[in-house]
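So this block is query_35.csv, CSV, C-alpha atoms and all ligand atoms:
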chain,number,residue,atom,x,y,z
Y,1,MET,CA,-5.3,3.8,-59.8
Y,2,SER,CA,-8.1,3.4,-57.3
Y,3,THR,CA,-10.4,6.3,-56.6
Y,4,ASN,CA,-9.7,5.6,-52.9
Y,5,ASN,CA,-6.2,6.8,-53.6
Y,6,VAL,CA,-5.1,10.3,-52.6
Y,7,ILE,CA,-2.9,12.4,-54.9
Y,8,ILE,CA,-0.5,14.5,-52.9
Y,9,VAL,CA,0.9,17.5,-54.9
Y,10,GLY,CA,4.4,18.4,-53.5
Y,11,GLY,CA,7.1,16.5,-51.7
Y,12,GLY,CA,8.1,19.0,-49.0
Y,13,LEU,CA,7.5,18.4,-45.3
Y,14,SER,CA,3.7,18.9,-45.5
Y,15,GLY,CA,3.3,16.4,-48.4
Y,16,LEU,CA,5.5,13.8,-47.0
Y,17,THR,CA,4.0,14.0,-43.5
Y,18,LEU,CA,0.6,13.7,-45.0
Y,19,ALA,CA,1.6,10.6,-47.0
Y,20,TYR,CA,3.0,9.2,-43.7
Y,21,LEU,CA,-0.1,9.9,-41.7
Y,22,LEU,CA,-2.4,8.5,-44.4
Y,23,GLN,CA,-0.3,5.4,-44.6
Y,24,LYS,CA,-1.0,4.9,-40.9
Y,25,LYS,CA,-4.7,5.0,-41.8
Y,26,ASN,CA,-4.2,2.4,-44.6
Y,27,ILE,CA,-5.0,5.0,-47.2
Y,28,SER,CA,-2.8,4.8,-50.3
Y,29,THR,CA,-1.2,7.9,-51.8
Y,30,THR,CA,0.6,8.9,-54.9
Y,31,LEU,CA,3.0,11.8,-54.2
Y,32,LEU,CA,3.9,14.0,-57.2
Y,33,GLU,CA,7.0,16.2,-56.8
Y,34,ALA,CA,7.9,18.7,-59.5
Y,35,SER,CA,11.6,19.0,-58.8
Y,36,ASN,CA,14.3,16.2,-58.8
Y,37,ARG,CA,14.5,15.9,-55.0
Y,38,LEU,CA,12.3,15.7,-51.9
Y,39,GLY,CA,12.3,18.3,-49.2
Y,40,GLY,CA,11.2,21.6,-50.8
Y,41,ARG,CA,12.2,24.4,-48.5
Y,42,ILE,CA,14.3,21.9,-46.4
Y,43,GLU,CA,17.6,21.1,-48.1
Y,44,THR,CA,20.8,20.0,-46.3
Y,45,VAL,CA,24.0,19.9,-48.2
Y,46,GLN,CA,26.9,17.6,-47.1
Y,47,ALA,CA,30.1,19.7,-47.2
Y,48,PRO,CA,33.4,18.0,-48.1
Y,49,LEU,CA,34.5,17.5,-44.4
Y,50,GLY,CA,31.1,16.1,-43.6
Y,51,THR,CA,29.3,19.1,-42.0
Y,52,PRO,CA,25.6,19.1,-42.7
Y,53,LEU,CA,24.9,22.6,-44.1
Y,54,GLU,CA,21.4,24.0,-44.1
Y,55,MET,CA,20.3,25.9,-47.2
Y,56,GLY,CA,16.7,26.0,-46.0
Y,57,ALA,CA,14.8,25.4,-42.7
Y,58,THR,CA,17.1,25.1,-39.7
Y,59,TRP,CA,15.7,26.1,-36.3
Y,60,PHE,CA,12.6,25.2,-34.2
Y,61,ALA,CA,11.5,25.6,-30.6
Y,62,ASP,CA,9.6,23.8,-27.8
Y,63,GLN,CA,6.4,25.7,-28.8
Y,64,HIS,CA,6.5,24.0,-32.2
Y,65,PHE,CA,4.4,21.2,-30.8
Y,66,TYR,CA,3.4,19.4,-34.0
Y,67,LEU,CA,7.0,19.3,-35.4
Y,68,MET,CA,8.3,18.2,-32.0
Y,69,THR,CA,5.8,15.4,-31.9
Y,70,LEU,CA,6.8,14.2,-35.4
Y,71,VAL,CA,10.5,14.5,-34.6
Y,72,ARG,CA,10.2,12.4,-31.5
Y,73,GLU,CA,8.0,9.8,-33.2
Y,74,LEU,CA,10.6,9.5,-36.0
Y,75,GLY,CA,13.4,9.0,-33.3
Y,76,LEU,CA,15.3,12.1,-34.5
Y,77,GLN,CA,17.4,14.2,-32.1
Y,78,PRO,CA,17.0,17.9,-31.6
Y,79,PHE,CA,20.0,19.8,-30.0
Y,80,PRO,CA,20.2,23.4,-28.9
Y,81,GLN,CA,21.7,26.1,-31.1
Y,82,TYR,CA,25.2,27.0,-29.9
Y,83,ALA,CA,25.2,30.6,-28.5
Y,84,GLU,CA,28.1,30.8,-26.0
Y,85,GLY,CA,30.5,33.7,-26.2
Y,86,ILE,CA,30.8,37.1,-27.8
Y,87,ALA,CA,28.2,38.0,-30.4
Y,88,LEU,CA,28.9,40.8,-33.0
Y,89,PHE,CA,26.7,43.6,-34.2
Y,90,GLN,CA,28.1,45.6,-37.2
Y,91,THR,CA,26.2,48.9,-37.5
Y,92,LYS,CA,28.4,50.7,-40.0
Y,93,SER,CA,31.2,49.4,-42.3
Y,94,PHE,CA,33.6,52.1,-41.0
Y,95,GLU,CA,33.1,51.5,-37.2
Y,96,PRO,CA,34.3,48.5,-35.2
Y,97,PRO,CA,31.6,46.0,-34.5
Y,98,GLN,CA,29.8,46.1,-31.1
Y,99,GLN,CA,30.4,43.1,-29.0
Y,100,PHE,CA,27.7,41.7,-26.6
Y,101,TYR,CA,26.7,38.5,-24.9
Y,102,VAL,CA,23.3,36.9,-25.6
Y,103,PRO,CA,21.8,35.8,-22.3
Y,104,GLU,CA,21.0,32.1,-22.1
Y,105,SER,CA,17.5,31.7,-23.4
Y,106,GLU,CA,14.8,30.1,-21.4
Y,107,GLN,CA,13.3,28.9,-24.8
Y,108,PRO,CA,16.3,27.7,-26.8
Y,109,SER,CA,16.1,27.2,-30.5
Y,110,TYR,CA,17.0,23.7,-31.7
Y,111,ARG,CA,18.6,22.1,-34.7
Y,112,LEU,CA,18.3,18.5,-35.8
Y,113,ALA,CA,21.3,16.2,-35.4
Y,114,GLY,CA,22.5,15.2,-38.9
Y,115,GLY,CA,20.7,18.1,-40.5
Y,116,THR,CA,17.0,19.0,-41.1
Y,117,GLN,CA,17.0,16.8,-44.1
Y,118,MET,CA,16.9,13.9,-41.6
Y,119,VAL,CA,13.2,14.5,-41.1
Y,120,ILE,CA,12.6,14.3,-44.9
Y,121,ASP,CA,14.9,11.2,-45.4
Y,122,THR,CA,13.3,9.4,-42.5
Y,123,LEU,CA,9.7,10.1,-43.8
Y,124,ALA,CA,10.8,8.9,-47.2
Y,125,GLU,CA,12.2,5.7,-45.7
Y,126,LYS,CA,8.9,5.0,-43.9
Y,127,LEU,CA,7.1,5.5,-47.2
Y,128,ALA,CA,9.2,2.9,-49.0
Y,129,GLY,CA,6.1,1.3,-50.5
Y,130,THR,CA,4.5,4.6,-51.6
Y,131,ASP,CA,4.3,5.7,-55.2
Y,132,ILE,CA,6.6,8.8,-55.0
Y,133,ARG,CA,7.4,10.4,-58.4
Y,134,LEU,CA,10.0,13.1,-58.9
Y,135,GLU,CA,10.0,15.5,-61.8
Y,136,ALA,CA,6.3,15.2,-61.8
Y,137,LYS,CA,4.9,18.7,-62.0
Y,138,VAL,CA,1.2,19.1,-61.7
Y,139,THR,CA,-0.2,21.7,-64.0
Y,140,ALA,CA,-4.0,21.1,-63.7
Y,141,ILE,CA,-6.4,19.5,-61.3
Y,142,GLN,CA,-9.9,18.8,-62.6
Y,143,ALA,CA,-13.1,17.1,-61.5
Y,144,ALA,CA,-13.4,13.5,-62.7
Y,145,ALA,CA,-16.2,10.9,-62.6
Y,146,ASN,CA,-15.3,9.5,-59.1
Y,147,GLY,CA,-13.1,12.2,-57.7
Y,148,ILE,CA,-10.3,14.1,-59.3
Y,149,GLU,CA,-7.8,14.1,-62.0
Y,150,ALA,CA,-4.3,15.6,-61.9
Y,151,VAL,CA,-2.6,16.5,-65.2
Y,152,LEU,CA,1.2,16.5,-65.3
Y,153,ALA,CA,3.5,18.8,-67.3
Y,154,ASP,CA,4.3,15.9,-69.7
Y,155,GLY,CA,0.6,15.6,-70.5
Y,156,SER,CA,-0.1,12.4,-68.6
Y,157,ALA,CA,-3.0,12.3,-66.1
Y,158,LEU,CA,-3.7,10.4,-62.9
Y,159,GLN,CA,-7.1,9.9,-61.2
Y,160,ALA,CA,-7.9,9.5,-57.5
Y,161,GLY,CA,-10.6,10.1,-55.0
Y,162,ARG,CA,-9.0,13.3,-53.7
Y,163,ALA,CA,-6.1,15.6,-54.2
Y,164,VAL,CA,-4.2,17.6,-51.6
Y,165,VAL,CA,-2.2,20.5,-52.7
Y,166,CYS,CA,0.9,20.8,-50.6
Y,167,ILE,CA,2.6,23.6,-52.5
Y,168,PRO,CA,2.6,27.3,-51.5
Y,169,PRO,CA,-0.9,28.8,-52.3
Y,170,GLN,CA,0.6,31.6,-54.3
Y,171,LEU,CA,2.5,29.1,-56.4
Y,172,ALA,CA,-0.7,27.0,-56.8
Y,173,ALA,CA,-2.4,30.1,-58.2
Y,174,THR,CA,0.1,30.7,-60.9
Y,175,SER,CA,1.0,27.1,-61.8
Y,176,ILE,CA,-2.1,24.9,-61.4
Y,177,GLN,CA,-5.3,25.3,-63.5
Y,178,PHE,CA,-8.4,24.2,-61.5
Y,179,SER,CA,-11.4,23.0,-63.4
Y,180,PRO,CA,-14.2,23.6,-62.9
Y,181,THR,CA,-12.9,26.9,-61.6
Y,182,LEU,CA,-12.7,27.5,-57.9
Y,183,PRO,CA,-15.0,30.0,-56.1
Y,184,ASP,CA,-13.9,33.6,-56.5
Y,185,SER,CA,-13.1,34.0,-52.8
Y,186,ILE,CA,-10.3,31.4,-52.9
Y,187,LEU,CA,-9.2,32.3,-56.4
Y,188,GLN,CA,-8.6,35.9,-55.2
Y,189,LEU,CA,-7.0,34.7,-52.0
Y,190,LEU,CA,-4.4,32.3,-53.4
Y,191,PRO,CA,-2.1,34.8,-55.1
Y,192,ALA,CA,-2.3,37.0,-52.0
Y,193,VAL,CA,-0.9,34.4,-49.6
Y,194,GLN,CA,2.7,35.2,-48.8
Y,195,THR,CA,5.1,32.3,-49.3
Y,196,TRP,CA,7.3,32.2,-46.2
Y,197,MET,CA,11.0,32.8,-47.0
Y,198,ALA,CA,10.5,33.2,-50.8
Y,199,GLY,CA,13.2,35.5,-52.1
Y,200,SER,CA,15.5,34.9,-49.1
Y,201,VAL,CA,19.2,34.1,-49.6
Y,202,LYS,CA,20.7,31.5,-47.3
Y,203,PHE,CA,24.4,30.8,-47.0
Y,204,ALA,CA,26.5,28.2,-45.2
Y,205,ILE,CA,30.3,27.8,-44.8
Y,206,GLU,CA,32.4,24.9,-43.6
Y,207,TYR,CA,35.7,25.2,-41.8
Y,208,ALA,CA,38.3,22.6,-40.7
Y,209,THR,CA,38.4,24.1,-37.2
Y,210,PRO,CA,36.0,26.1,-34.9
Y,211,PHE,CA,38.6,28.9,-34.7
Y,212,TRP,CA,35.9,31.5,-33.5
Y,213,ARG,CA,34.9,29.3,-30.6
Y,214,ASN,CA,38.6,29.0,-29.6
Y,215,LYS,CA,38.7,32.9,-29.5
Y,216,GLY,CA,35.5,33.2,-27.3
Y,217,PHE,CA,33.1,34.1,-30.1
Y,218,SER,CA,29.7,32.6,-30.4
Y,219,GLY,CA,29.6,32.7,-34.2
Y,220,MET,CA,26.5,35.0,-33.9
Y,221,LEU,CA,26.6,38.1,-36.2
Y,222,TYR,CA,24.1,40.8,-37.0
Y,223,SER,CA,25.1,43.3,-39.6
Y,224,HIS,CA,23.7,46.4,-41.3
Y,225,ALA,CA,27.1,46.9,-43.0
Y,226,GLY,CA,28.0,43.7,-44.9
Y,227,ILE,CA,26.5,41.2,-47.3
Y,228,ILE,CA,26.0,38.8,-44.4
Y,229,MET,CA,23.0,40.1,-42.5
Y,230,GLU,CA,22.6,37.5,-39.9
Y,231,MET,CA,24.8,34.5,-39.0
Y,232,TYR,CA,25.0,31.6,-36.4
Y,233,ASP,CA,27.4,28.9,-35.4
Y,234,HIS,CA,26.6,25.8,-37.5
Y,235,CYS,CA,28.8,23.1,-35.9
Y,236,SER,CA,27.5,19.5,-35.8
Y,237,LYS,CA,25.7,18.1,-32.7
Y,238,GLU,CA,28.9,16.1,-31.9
Y,239,GLU,CA,30.9,19.3,-32.2
Y,240,ASP,CA,33.3,17.5,-34.6
Y,241,ARG,CA,32.3,19.4,-37.8
Y,242,TYR,CA,32.4,23.1,-38.0
Y,243,GLY,CA,30.8,26.0,-39.8
Y,244,PHE,CA,28.4,29.0,-40.0
Y,245,THR,CA,25.0,29.5,-41.6
Y,246,GLY,CA,22.8,32.5,-42.0
Y,247,PHE,CA,21.2,35.0,-44.4
Y,248,LEU,CA,22.7,37.3,-46.9
Y,249,ASN,CA,20.9,40.7,-47.5
Y,250,GLY,CA,18.3,40.9,-50.2
Y,251,GLY,CA,20.5,42.8,-52.6
Y,252,ALA,CA,22.9,39.8,-52.7
Y,253,ALA,CA,20.7,38.1,-55.3
Y,254,GLN,CA,21.9,40.5,-57.9
Y,255,TYR,CA,25.5,39.3,-57.7
Y,256,SER,CA,27.0,36.1,-59.0
Y,257,GLN,CA,27.7,33.3,-56.5
Y,258,GLU,CA,31.4,34.0,-56.9
Y,259,VAL,CA,31.0,37.7,-55.9
Y,260,ARG,CA,28.7,36.8,-53.0
Y,261,ARG,CA,31.3,34.3,-51.7
Y,262,GLU,CA,34.0,37.0,-52.1
Y,263,TYR,CA,32.0,39.6,-50.2
Y,264,ALA,CA,31.0,37.2,-47.4
Y,265,LEU,CA,34.6,36.0,-46.9
Y,266,ARG,CA,35.9,39.5,-46.9
Y,267,GLN,CA,33.3,40.5,-44.2
Y,268,LEU,CA,34.3,37.5,-42.1
Y,269,GLY,CA,38.0,38.1,-42.6
Y,270,ASP,CA,37.6,41.7,-41.3
Y,271,LEU,CA,35.7,40.4,-38.2
Y,272,LEU,CA,37.4,37.1,-37.4
Y,273,ARG,CA,40.8,37.5,-39.1
Y,274,GLU,CA,42.8,35.3,-41.5
Y,275,GLU,CA,41.4,31.9,-40.7
Y,276,ALA,CA,37.9,33.0,-41.8
Y,277,LEU,CA,39.3,33.5,-45.4
Y,278,HIS,CA,40.0,29.8,-45.9
Y,279,PRO,CA,36.8,27.7,-45.7
Y,280,SER,CA,36.6,24.1,-47.0
Y,281,ALA,CA,33.2,24.9,-48.6
Y,282,TYR,CA,30.9,27.9,-49.3
Y,283,HIS,CA,27.3,27.3,-50.4
Y,284,ASP,CA,24.5,29.7,-50.9
Y,285,LYS,CA,21.0,29.4,-52.3
Y,286,LEU,CA,18.6,32.0,-53.7
Y,287,TRP,CA,15.0,30.9,-52.8
Y,288,THR,CA,13.5,32.4,-55.9
Y,289,GLY,CA,13.2,29.4,-58.2
Y,290,ALA,CA,10.2,28.0,-60.1
Y,291,PHE,CA,9.2,25.7,-57.3
Y,292,ILE,CA,8.8,28.4,-54.6
Y,293,ALA,CA,8.2,31.8,-56.2
Y,294,ASP,CA,7.3,31.4,-59.9
Y,295,ASP,CA,7.8,35.1,-60.7
Y,296,ASN,CA,4.6,36.1,-58.9
Y,297,PRO,CA,4.7,39.9,-59.2
Y,298,VAL,CA,2.4,40.6,-56.2
Y,299,ILE,CA,4.4,42.0,-53.3
Y,300,LEU,CA,3.2,40.7,-49.9
Y,301,ARG,CA,3.9,41.3,-46.2
Y,302,PRO,CA,5.5,38.5,-44.3
Y,303,HIS,CA,2.9,35.9,-43.4
Y,304,GLN,CA,0.2,37.9,-45.2
Y,305,ASN,CA,-3.0,35.7,-45.3
Y,306,ASN,CA,-1.1,32.8,-43.8
Y,307,GLY,CA,-3.6,30.5,-41.9
Y,308,HIS,CA,-6.6,32.2,-43.7
Y,309,PRO,CA,-9.8,30.1,-42.9
Y,310,LEU,CA,-10.5,29.7,-46.7
Y,311,LEU,CA,-7.3,27.7,-47.0
Y,312,GLN,CA,-8.6,25.1,-44.5
Y,313,GLN,CA,-11.8,24.4,-46.5
Y,314,ALA,CA,-12.3,21.6,-49.0
Y,315,TYR,CA,-13.3,22.4,-52.6
Y,316,MET,CA,-14.6,20.4,-55.6
Y,317,ASN,CA,-17.2,18.6,-53.6
Y,318,GLY,CA,-14.7,17.8,-50.8
Y,319,ALA,CA,-12.2,16.2,-53.2
Y,320,LEU,CA,-9.6,19.1,-53.1
Y,321,HIS,CA,-7.7,20.3,-50.0
Y,322,PHE,CA,-4.8,22.6,-49.4
Y,323,ALA,CA,-2.1,21.6,-46.8
Y,324,THR,CA,1.1,23.5,-47.2
Y,325,THR,CA,2.6,25.3,-44.2
Y,326,GLU,CA,0.9,28.6,-45.2
Y,327,THR,CA,-2.5,27.1,-44.5
Y,328,ALA,CA,-1.7,26.4,-40.8
Y,329,THR,CA,-3.1,28.4,-37.9
Y,330,ALA,CA,-0.5,28.0,-35.1
Y,331,HIS,CA,2.9,28.6,-36.8
Y,332,PRO,CA,2.1,29.1,-40.5
Y,333,GLY,CA,5.2,29.4,-42.7
Y,334,TYR,CA,7.3,27.3,-40.3
Y,335,MET,CA,8.1,23.6,-40.4
Y,336,ASP,CA,5.6,23.3,-37.5
Y,337,GLY,CA,2.9,24.7,-39.7
Y,338,ALA,CA,3.7,22.1,-42.4
Y,339,VAL,CA,3.2,19.3,-39.9
Y,340,GLU,CA,0.0,20.9,-38.5
Y,341,ALA,CA,-1.5,21.3,-41.9
Y,342,ALA,CA,-0.8,17.7,-42.8
Y,343,MET,CA,-2.4,16.5,-39.5
Y,344,ARG,CA,-5.5,18.6,-40.2
Y,345,VAL,CA,-6.1,17.2,-43.6
Y,346,ALA,CA,-5.1,13.6,-42.6
Y,347,ALA,CA,-7.8,13.8,-39.9
Y,348,CYS,CA,-10.6,14.7,-42.3
Y,349,ILE,CA,-9.7,12.1,-45.0
Y,401,LIG,C1,15.8,29.9,-46.5
Y,401,LIG,C2,14.7,29.3,-45.6
Y,401,LIG,C3,14.9,29.2,-44.3
Y,401,LIG,C4,13.9,28.7,-43.4
Y,401,LIG,N1,14.2,28.6,-42.1
Y,401,LIG,C5,13.2,28.0,-41.3
Y,401,LIG,C6,13.5,27.7,-40.0
Y,401,LIG,O1,14.6,28.0,-39.5
Y,401,LIG,N2,12.6,27.1,-39.2
Y,401,LIG,C7,11.3,26.8,-39.7
Y,401,LIG,O2,10.5,26.3,-39.0
Y,401,LIG,N3,11.0,27.0,-41.0
Y,401,LIG,C8,12.0,27.6,-41.8
Y,401,LIG,N4,11.7,27.8,-43.1
Y,401,LIG,C9,10.4,27.4,-43.7
Y,401,LIG,C10,10.2,25.9,-43.9
Y,401,LIG,O3,11.2,25.5,-44.7
Y,401,LIG,C11,8.8,25.6,-44.4
Y,401,LIG,O4,7.8,26.0,-43.5
Y,401,LIG,C12,8.6,24.1,-44.8
Y,401,LIG,O5,9.7,23.4,-45.2
Y,401,LIG,C13,7.4,24.1,-45.8
Y,401,LIG,O6,7.1,22.8,-46.2
Y,401,LIG,P1,5.9,22.6,-47.2
Y,401,LIG,O7,5.9,21.1,-47.5
Y,401,LIG,O8,4.6,23.2,-46.7
Y,401,LIG,O9,6.3,23.4,-48.5
Y,401,LIG,P2,7.5,23.3,-49.5
Y,401,LIG,O10,8.8,22.9,-48.7
Y,401,LIG,O11,7.6,24.6,-50.3
Y,401,LIG,O12,7.2,22.1,-50.4
Y,401,LIG,C14,6.5,22.2,-51.6
Y,401,LIG,C15,7.0,21.2,-52.6
Y,401,LIG,O13,6.1,21.2,-53.7
Y,401,LIG,C16,6.9,21.1,-54.9
Y,401,LIG,N5,6.1,21.7,-56.0
Y,401,LIG,C17,6.0,23.0,-56.3
Y,401,LIG,N6,5.1,23.1,-57.4
Y,401,LIG,C18,4.7,21.9,-57.7
Y,401,LIG,C19,3.8,21.3,-58.7
Y,401,LIG,N7,3.2,22.2,-59.5
Y,401,LIG,N8,3.7,20.0,-58.8
Y,401,LIG,C20,4.3,19.2,-57.9
Y,401,LIG,N9,5.2,19.6,-56.9
Y,401,LIG,C21,5.3,20.9,-56.8
Y,401,LIG,C22,8.2,21.9,-54.5
Y,401,LIG,O14,9.2,21.5,-55.4
Y,401,LIG,C23,8.4,21.5,-53.1
Y,401,LIG,O15,9.2,20.3,-53.0
Y,401,LIG,C24,12.7,28.3,-44.0
Y,401,LIG,C25,12.5,28.3,-45.4
Y,401,LIG,C26,13.5,28.8,-46.2
Y,401,LIG,C27,13.3,28.8,-47.7
Rewritten as structure tokens:
Amino acid sequence: MSTNNVIIVGGGLSGLTLAYLLQKKNISTTLLEASNRLGGRIETVQAPLGTPLEMGATWFADQHFYLMTLVRELGLQPFPQYAEGIALFQTKSFEPPQQFYVPESEQPSYRLAGGTQMVIDTLAEKLAGTDIRLEAKVTAIQAAANGIEAVLADGSALQAGRAVVCIPPQLAATSIQFSPTLPDSILQLLPAVQTWMAGSVKFAIEYATPFWRNKGFSGMLYSHAGIIMEMYDHCSKEEDRYGFTGFLNGGAAQYSQEVRREYALRQLGDLLREEALHPSAYHDKLWTGAFIADDNPVILRPHQNNGHPLLQQAYMNGALHFATTETATAHPGYMDGAVEAAMRVAACI
């Protein structure tokens, strides 16, 4: 491998966008992804009736300038989140839910037609000639004669001119050994950078009909009383596939998926009646796995140290950069931040 090559650690939105931007500059990259799929915190599941169900990132807005620019460049189609009709707010399990209308927002939130995974799949298509390796977990990054060496979990090693770490900083602190060791300031910072959405529990349900829309409900639910904490209509852009997505409360992680499903359906059955009890699919995902949280015991505030200036500096004589969403300044943690971070690093390579 040439030392002009750039090793990208992580095949989420930041890593793939970076590979795409460097390809446009005729700089070759090798992208190493630890898991068996691309996308990281973006994961769309196709339900049996064809509804794209988001288990990870879902919404974005006009102010997400970097993401919007990429989405337009890739020819993808944003569409507004459906919010017409009655929204529900459950304050207590023994009281009927409050009903209210959400005023039409001047700044709508958008979803991506076909699912957020479209941005990942389209980037991967554009990178058809790039060396993208799955199940390639980087465990060490060390200085080498003409740049840098990345060591993989299977013991193999790759050399390149530079490496860009596109995994959450906190995860980098616990899973990658840097040698020579990094300055104390960044070593102390990395474990104290909150990984956006780590620990959250997302769920999505598919139905054969949009029965709630037919009864005047928006599909929006906020609850202090049930396992579903927050929920939104999740029908397709074409309005021919139907479902909900949202978040379960933090305690849900302690139950089996079967129990979570049972509690979620019971809550929806109480609110929306019989039809809610018979979905064609139920999925949920705990974002606690090895490739996002890695059992880091430090408890952090949302967005803590996100966009910290030390995350935007280069290390190891300019051969090592960090470019995950948590390093961004405008919207760190969000998809927009992942694209911003990739653009920042691509501009200085
Ligand atoms: C449940 C949930 C809901 C969300 N909702 C929204 C939303 O509505 N809107 C929004 O804008 N954002 C949302 N986000 C955040 C959004 O998903 C992220 O900002 C974005 O996807 C981060 O991309 P990234 O490439 O920076 O990091 P990641 O997606 O975390 O990618 C990092 C990649 O690195 C891989 N990796 C980890 N360790 C290693 C290693 N040692 N070696 C090699 N590879 C490794 C991982 O497997 C992963 O694929 C949500 C996130 C979650 C989890």
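The space between atom CA of Gly11 of chain Y and atom N3 of ligand LIG 401 (chain Y) spans 15.5 Å.
With distances restricted to only C-alpha atoms, Y:Leu88 is the closest residue to Ile228 of chain Y from Y:Asp336, Y:Gly50, Y:Leu88, Y:Ser156.
As for atom C17 of ligand LIG 401 (chain Y) and atom CA of Ile349 of chain Y, they are spaced 22.2 Å apart.
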Can you tell me which residues come within 7 Å of ligand LIG 401 (chain Y) when counting all atoms listed in the file, ideally as a PyMOL selection string? chain Y and resi 9-15+32-35+38-42+55-60+136-139+166-168+171-172+175-176+196-198+200-202+287+291-292+323-326+333-338
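Candidate residues Y:Arg273, Y:Lys215, Y:Arg111, Y:Arg344 were compared for distance to Ala314 of chain Y, and the nearest is Y:Arg344, using all atoms listed in the file.
Comparing Y:Ser256, Y:Ser223, Y:Ala319, Y:Ala328 by their smallest distance to Pro96 of chain Y, the closest is Y:Ser223 (using only C-alpha atoms).
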So that I can see what lies close to Ser109 of chain Y, please list as a PyMOL selection string the residues with an atom at most 9 Å from it, counting all atoms listed in the file and leaving out residues fewer than 2 positions away in the same chain. chain Y and resi 59-62+79-81+105+107+111
Just the selected residues (C-alpha atoms), exported as a tab-separated table (two decimals), keeping the file's coordinate frame, please.
chain	number	residue	atom	x	y	z
Y	59	TRP	CA	15.70	26.10	-36.30
Y	60	PHE	CA	12.60	25.20	-34.20
Y	61	ALA	CA	11.50	25.60	-30.60
Y	62	ASP	CA	9.60	23.80	-27.80
Y	79	PHE	CA	20.00	19.80	-30.00
Y	80	PRO	CA	20.20	23.40	-28.90
Y	81	GLN	CA	21.70	26.10	-31.10
Y	105	SER	CA	17.50	31.70	-23.40
Y	107	GLN	CA	13.30	28.90	-24.80
Y	111	ARG	CA	18.60	22.10	-34.70
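Of the listed residues (Y:Gln117, Y:Gln90, Y:Gln23, Y:Asn5), Y:Gln23 comes nearest to Ala346 of chain Y; the distances count all atoms listed in the file.
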Counting all atoms listed in the file, what is within 10 Å of Phe247 of chain Y, bar same-chain residues fewer than 2 positions away, as a ChimeraX atom specification? /Y:55,200-204,222,227-232,245,249-250,252,284-285
List the neighbours of Asp233 of chain Y out to 7 Å using all atoms listed in the file; skip same-chain residues closer than 5 positions along the sequence, and give me the result as JSON, numbers by chain. {"Y": [82, 218, 219, 220, 243, 244, 245]}
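Reported to one decimal place, the separation of atom CA of Gln304 of chain Y from atom CA of Ala192 of chain Y is 7.3 Å.
Proximity ranking of Y:Ile148, Y:Val164, Y:Glu238, Y:His224 relative to Lys92 of chain Y places Y:His224 first, based on all atoms listed in the file.
The environment of Pro52 of chain Y within 6 Å, counting only C-alpha atoms and disregarding residues fewer than 2 places along the same chain, consists of Y:Val45, Y:Gln46, Y:Gly115.
Excluding Ser179 of chain Y itself and same-chain residues fewer than 5 positions from it, the residues having an atom within 10 Å of it are Y:Ala140, Y:Ile141, Y:Gln142, Y:Ala143, Y:Ala144, Y:Ile148, Y:Glu149, Y:Met316, counting all atoms listed in the file.
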Best match for closeness to Gln170 of chain Y among Y:Thr30, Y:Asn317, Y:Gln267, Y:Gln194, counting all atoms listed in the file: Y:Gln194
Give as a ChimeraX atom specification each residue that has an atom at most 7 Å from (-1.1, 12.1, -47.4) in the file, counting all atoms listed in the file. /Y:6,8,15-22,29,346
Output C-alpha atoms for every residue in that selection, as a PDB file, in the frame of the given file.
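The resulting file, again.pdb, is reproduced below:
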ATOM      1  CA  VAL Y   6      -5.100  10.300 -52.600  1.00  0.00           C
ATOM      2  CA  ILE Y   8      -0.500  14.500 -52.900  1.00  0.00           C
ATOM      3  CA  GLY Y  15       3.300  16.400 -48.400  1.00  0.00           C
ATOM      4  CA  LEU Y  16       5.500  13.800 -47.000  1.00  0.00           C
ATOM      5  CA  THR Y  17       4.000  14.000 -43.500  1.00  0.00           C
ATOM      6  CA  LEU Y  18       0.600  13.700 -45.000  1.00  0.00           C
ATOM      7  CA  ALA Y  19       1.600  10.600 -47.000  1.00  0.00           C
ATOM      8  CA  TYR Y  20       3.000   9.200 -43.700  1.00  0.00           C
ATOM      9  CA  LEU Y  21      -0.100   9.900 -41.700  1.00  0.00           C
ATOM     10  CA  LEU Y  22      -2.400   8.500 -44.400  1.00  0.00           C
ATOM     11  CA  THR Y  29      -1.200   7.900 -51.800  1.00  0.00           C
ATOM     12  CA  ALA Y 346      -5.100  13.600 -42.600  1.00  0.00           C
TER      13      ALA Y 346
END
Compute the distance from (14.9, 16.7, -35.3) to each atom, counting all atoms listed in the file, keep the residues with any atom at most 9 Å away, and return them as a compact mmCIF listing (two decimals) with C-alpha atoms, in the coordinates of the input; use the coordinates of the file.
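What follows is the written file point07.txt:
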# COMPACT_ATOMS: atom_id res chain seq x y z
CA PHE Y 60 12.60 25.20 -34.20
CA LEU Y 67 7.00 19.30 -35.40
CA MET Y 68 8.30 18.20 -32.00
CA LEU Y 70 6.80 14.20 -35.40
CA VAL Y 71 10.50 14.50 -34.60
CA ARG Y 72 10.20 12.40 -31.50
CA LEU Y 74 10.60 9.50 -36.00
CA GLY Y 75 13.40 9.00 -33.30
CA LEU Y 76 15.30 12.10 -34.50
CA GLN Y 77 17.40 14.20 -32.10
CA PRO Y 78 17.00 17.90 -31.60
CA PHE Y 79 20.00 19.80 -30.00
CA TYR Y 110 17.00 23.70 -31.70
CA ARG Y 111 18.60 22.10 -34.70
CA LEU Y 112 18.30 18.50 -35.80
CA ALA Y 113 21.30 16.20 -35.40
CA GLY Y 114 22.50 15.20 -38.90
CA GLY Y 115 20.70 18.10 -40.50
CA THR Y 116 17.00 19.00 -41.10
CA MET Y 118 16.90 13.90 -41.60
CA VAL Y 119 13.20 14.50 -41.10
